[in-house]
file run.csv (CSV, C-alpha atoms and all ligand atoms)
chain,number,residue,atom,x,y,z
M,892,MET,CA,5.5,150.3,88.1
M,893,HIS,CA,6.5,147.5,90.5
M,894,THR,CA,8.9,148.6,93.3
M,895,CYS,CA,10.6,146.1,95.6
M,896,PRO,CA,9.7,147.2,99.1
M,897,PHE,CA,13.1,146.2,100.4
M,898,SER,CA,14.7,148.8,98.2
M,899,LEU,CA,12.6,151.5,99.9
M,900,TYR,CA,12.9,150.5,103.5
M,901,ALA,CA,15.8,148.2,104.1
M,902,TYR,CA,19.2,149.7,104.3
M,903,ILE,CA,22.3,149.1,106.3
M,904,TYR,CA,23.4,151.8,108.7
M,905,ILE,CA,27.2,151.5,109.2
M,906,THR,CA,28.8,153.4,111.9
M,907,MET,CA,32.4,154.4,111.7
M,908,ALA,CA,35.1,155.7,114.1
M,909,LYS,CA,38.1,157.7,113.3
M,910,ILE,CA,41.4,156.0,114.0
M,911,THR,CA,44.7,157.8,113.6
M,912,TYR,CA,47.8,155.7,112.6
M,913,LYS,CA,51.2,157.3,113.1
M,914,ASP,CA,54.7,156.1,112.4
M,915,GLN,CA,58.0,156.8,114.0
M,916,GLU,CA,58.9,159.5,111.5
M,917,GLY,CA,55.9,161.6,112.6
M,918,ASN,CA,53.7,160.8,109.6
M,919,SER,CA,50.0,160.4,110.5
M,920,LYS,CA,46.9,159.3,108.7
M,921,THR,CA,43.4,159.4,110.1
M,922,ILE,CA,41.0,156.8,108.7
M,923,GLU,CA,37.3,156.2,109.3
M,924,VAL,CA,37.0,152.5,110.1
M,925,GLU,CA,33.8,150.6,110.3
M,926,ASN,CA,32.7,149.7,113.8
M,927,GLY,CA,33.2,146.0,114.5
M,928,LEU,CA,36.4,145.8,112.5
M,929,SER,CA,39.7,145.6,114.3
M,930,VAL,CA,42.2,148.5,114.2
M,931,MET,CA,44.4,146.1,112.3
M,932,GLU,CA,41.7,145.4,109.6
M,933,GLY,CA,41.3,149.2,109.3
M,934,ALA,CA,45.0,149.5,108.6
M,935,ILE,CA,45.1,146.7,106.1
M,936,GLN,CA,42.1,147.9,104.2
M,937,ASN,CA,43.6,151.3,103.9
M,938,ASN,CA,47.2,150.3,103.1
M,939,ILE,CA,48.7,151.7,106.3
M,940,PRO,CA,52.4,150.9,106.3
M,941,GLY,CA,53.9,149.2,109.4
M,942,ILE,CA,51.1,146.8,110.2
M,943,ASP,CA,51.8,143.5,108.5
M,944,ALA,CA,49.3,141.2,110.2
M,945,ASP,CA,50.9,138.1,109.0
M,946,CYS,CA,48.5,135.7,110.8
M,947,GLY,CA,45.4,137.6,109.7
M,948,GLY,CA,44.3,138.4,113.2
M,949,SER,CA,44.5,135.1,115.0
M,950,MET,CA,47.0,136.5,117.6
M,951,ALA,CA,49.8,134.3,116.4
M,952,CYS,CA,52.4,136.7,114.9
M,953,ALA,CA,52.6,140.1,116.7
M,954,THR,CA,53.2,141.9,113.4
M,955,CYS,CA,50.2,144.1,114.1
M,956,HIS,CA,51.9,145.5,117.2
M,957,VAL,CA,51.1,149.2,117.9
M,958,TYR,CA,51.7,151.7,120.7
M,959,VAL,CA,48.5,153.2,122.0
M,960,GLU,CA,48.5,156.8,123.0
M,961,GLU,CA,48.5,156.9,126.8
M,962,LYS,CA,45.1,158.7,127.1
M,963,TRP,CA,43.4,155.8,125.4
M,964,LEU,CA,44.8,153.0,127.5
M,965,ASN,CA,42.1,153.0,130.2
M,966,LYS,CA,39.3,153.1,127.5
M,967,LEU,CA,40.4,149.9,126.0
M,968,PRO,CA,39.6,146.4,127.3
M,969,ASN,CA,42.5,144.8,129.1
M,970,ALA,CA,44.8,142.6,127.0
M,971,GLU,CA,44.1,138.8,127.5
M,972,GLU,CA,46.9,136.6,128.6
M,973,GLY,CA,47.5,135.3,125.0
M,974,GLU,CA,47.9,138.9,123.7
M,975,VAL,CA,50.3,139.8,126.5
M,976,ASP,CA,52.4,136.7,125.6
M,977,MET,CA,52.5,137.7,122.0
M,978,ILE,CA,53.4,141.3,122.8
M,979,ASP,CA,56.5,139.9,124.7
M,980,MET,CA,57.7,138.6,121.3
M,981,ALA,CA,57.0,141.9,119.5
M,982,PHE,CA,59.7,144.4,118.5
M,983,GLU,CA,60.5,146.7,121.4
M,984,PRO,CA,57.3,146.2,123.5
M,985,LYS,CA,56.4,149.0,125.9
M,986,LYS,CA,53.7,149.3,128.6
M,987,ASN,CA,51.4,150.9,126.0
M,988,SER,CA,51.9,148.1,123.5
M,989,ARG,CA,48.8,146.3,122.1
M,990,LEU,CA,48.1,144.0,119.2
M,991,SER,CA,45.9,146.0,116.8
M,992,CYS,CA,44.1,142.9,115.7
M,993,GLN,CA,42.6,142.7,119.2
M,994,LEU,CA,41.3,146.2,119.3
M,995,ILE,CA,37.8,146.3,118.0
M,996,VAL,CA,36.6,149.6,116.6
M,997,SER,CA,33.5,151.1,118.2
M,998,ASP,CA,32.1,154.6,119.1
M,999,GLU,CA,33.9,154.3,122.4
M,1000,ILE,CA,37.3,154.5,120.8
M,1001,ASP,CA,36.4,157.1,118.2
M,1002,GLY,CA,39.6,159.2,117.9
M,1003,LEU,CA,42.0,156.5,119.0
M,1004,GLU,CA,45.6,157.1,118.1
M,1005,VAL,CA,48.1,154.4,117.6
M,1006,THR,CA,51.8,154.5,116.5
M,1007,THR,CA,53.5,151.7,114.6
M,1008,PRO,CA,56.9,150.5,115.9
M,1009,ALA,CA,60.1,151.1,113.9
M,1010,LYS,CA,59.7,147.6,112.5
M,1011,GLN,CA,57.6,144.5,113.0
M,1012,SER,CA,59.3,141.4,114.3
M,1101,LIG,S1,47.6,139.9,113.1
M,1101,LIG,FE1,48.9,138.4,114.0
M,1101,LIG,S2,48.8,138.8,116.1
M,1101,LIG,FE2,47.6,140.4,115.2
call {"tool": "encode", "arguments": {"input": "run.csv", "output": "structure tokens"}}
result
Amino acid sequence: MHTCPFSLYAYIYITMAKITYKDQEGNSKTIEVENGLSVMEGAIQNNIPGIDADCGGSMACATCHVYVEEKWLNKLPNAEEGEVDMIDMAFEPKKNSRLSCQLIVSDEIDGLEVTTPAKQS
């Protein structure tokens, strides 16, 4: 019997991180999102309501706006100027506002909790 050596030895090891998405009514859903995807992509792939992502992640719409739980703020990279500008145009921005398309999932943010705003602008 002939066996392809790649089927025996080659496999992809995908690491995941848990991201919790909450809404303003207190509903919460925790999803395992593949490292390297954005928090927005994890939401879209899992039909999380409240994250529209109209521009597909090119930082041009602010409809992926989320509030990051305070304890996670210093574990995230700082927002770039373009992200800060877009957050200013989001619905009810706060000091813990981020664009979820700019938050890349990794082991370092395993357990991240974000809350969607009451609506997206
Ligand atoms: S998806 Fe448009 S700014 Fe994030």
call {"tool": "closest_residue", "arguments": {"input": "run.csv", "among": "M:Met950, M:Ala970, M:Val975, M:Val957", "to": "ligand LIG 1101 (chain M)", "atoms": "all atoms listed in the file"}}
result
M:Met950
call {"tool": "residues_near_ligand", "arguments": {"input": "run.csv", "ligand": "ligand LIG 1101 (chain M)", "cutoff": "12 Å", "atoms": "only C-alpha atoms and all ligand atoms", "output": "JSON, numbers by chain"}}
result
{"M": [929, 930, 931, 932, 933, 934, 935, 941, 942, 943, 944, 945, 946, 947, 948, 949, 950, 951, 952, 953, 954, 955, 956, 957, 973, 974, 975, 976, 977, 978, 979, 980, 981, 989, 990, 991, 992, 993, 994, 995, 1011, 1012]}
call {"tool": "residues_around", "arguments": {"input": "run.csv", "residues": "Gly927 in chain M", "least_positions_apart": "6", "cutoff": "10 Å", "atoms": "all atoms listed in the file", "output": "list of chain:residue names"}}
result
M:Ile905, M:Thr906, M:Met907, M:Ala908, M:Leu994, M:Ile995, M:Val996, M:Ser997, M:Asp998
call {"tool": "closest_residue", "arguments": {"input": "run.csv", "among": "M:Gln915, M:Val1005, M:Val924, M:Lys909", "to": "Tyr958 in chain M", "atoms": "all atoms listed in the file"}}
result
M:Val1005
call {"tool": "atom_distance", "arguments": {"input": "run.csv", "atom1": "CA of Lys913 in chain M", "atom2": "CA of Glu972 in chain M"}}
result
26.2 Å
call {"tool": "atom_distance", "arguments": {"input": "run.csv", "atom1": "CA of Pro984 in chain M", "atom2": "CA of Ile939 in chain M"}}
result
20.0 Å
call {"tool": "closest_residue", "arguments": {"input": "run.csv", "among": "M:Glu983, M:Ile1000, M:Pro940, M:Trp963", "to": "Asp914 in chain M", "atoms": "all atoms listed in the file"}}
result
M:Pro940
call {"tool": "atom_distance", "arguments": {"input": "run.csv", "atom1": "CA of Thr911 in chain M", "atom2": "CA of Asn965 in chain M"}}
result
17.5 Å
call {"tool": "closest_residue", "arguments": {"input": "run.csv", "among": "M:Leu1003, M:Gln936, M:Asn969, M:Lys985", "to": "Thr921 in chain M", "atoms": "all atoms listed in the file"}}
result
M:Leu1003
call {"tool": "closest_residue", "arguments": {"input": "run.csv", "among": "M:Leu928, M:Val959, M:Ile910, M:Leu967", "to": "Pro1008 in chain M", "atoms": "all atoms listed in the file"}}
result
M:Val959
call {"tool": "closest_residue", "arguments": {"input": "run.csv", "among": "M:Glu925, M:Lys962, M:Asn987, M:Tyr912", "to": "Asn938 in chain M", "atoms": "only C-alpha atoms"}}
result
M:Tyr912
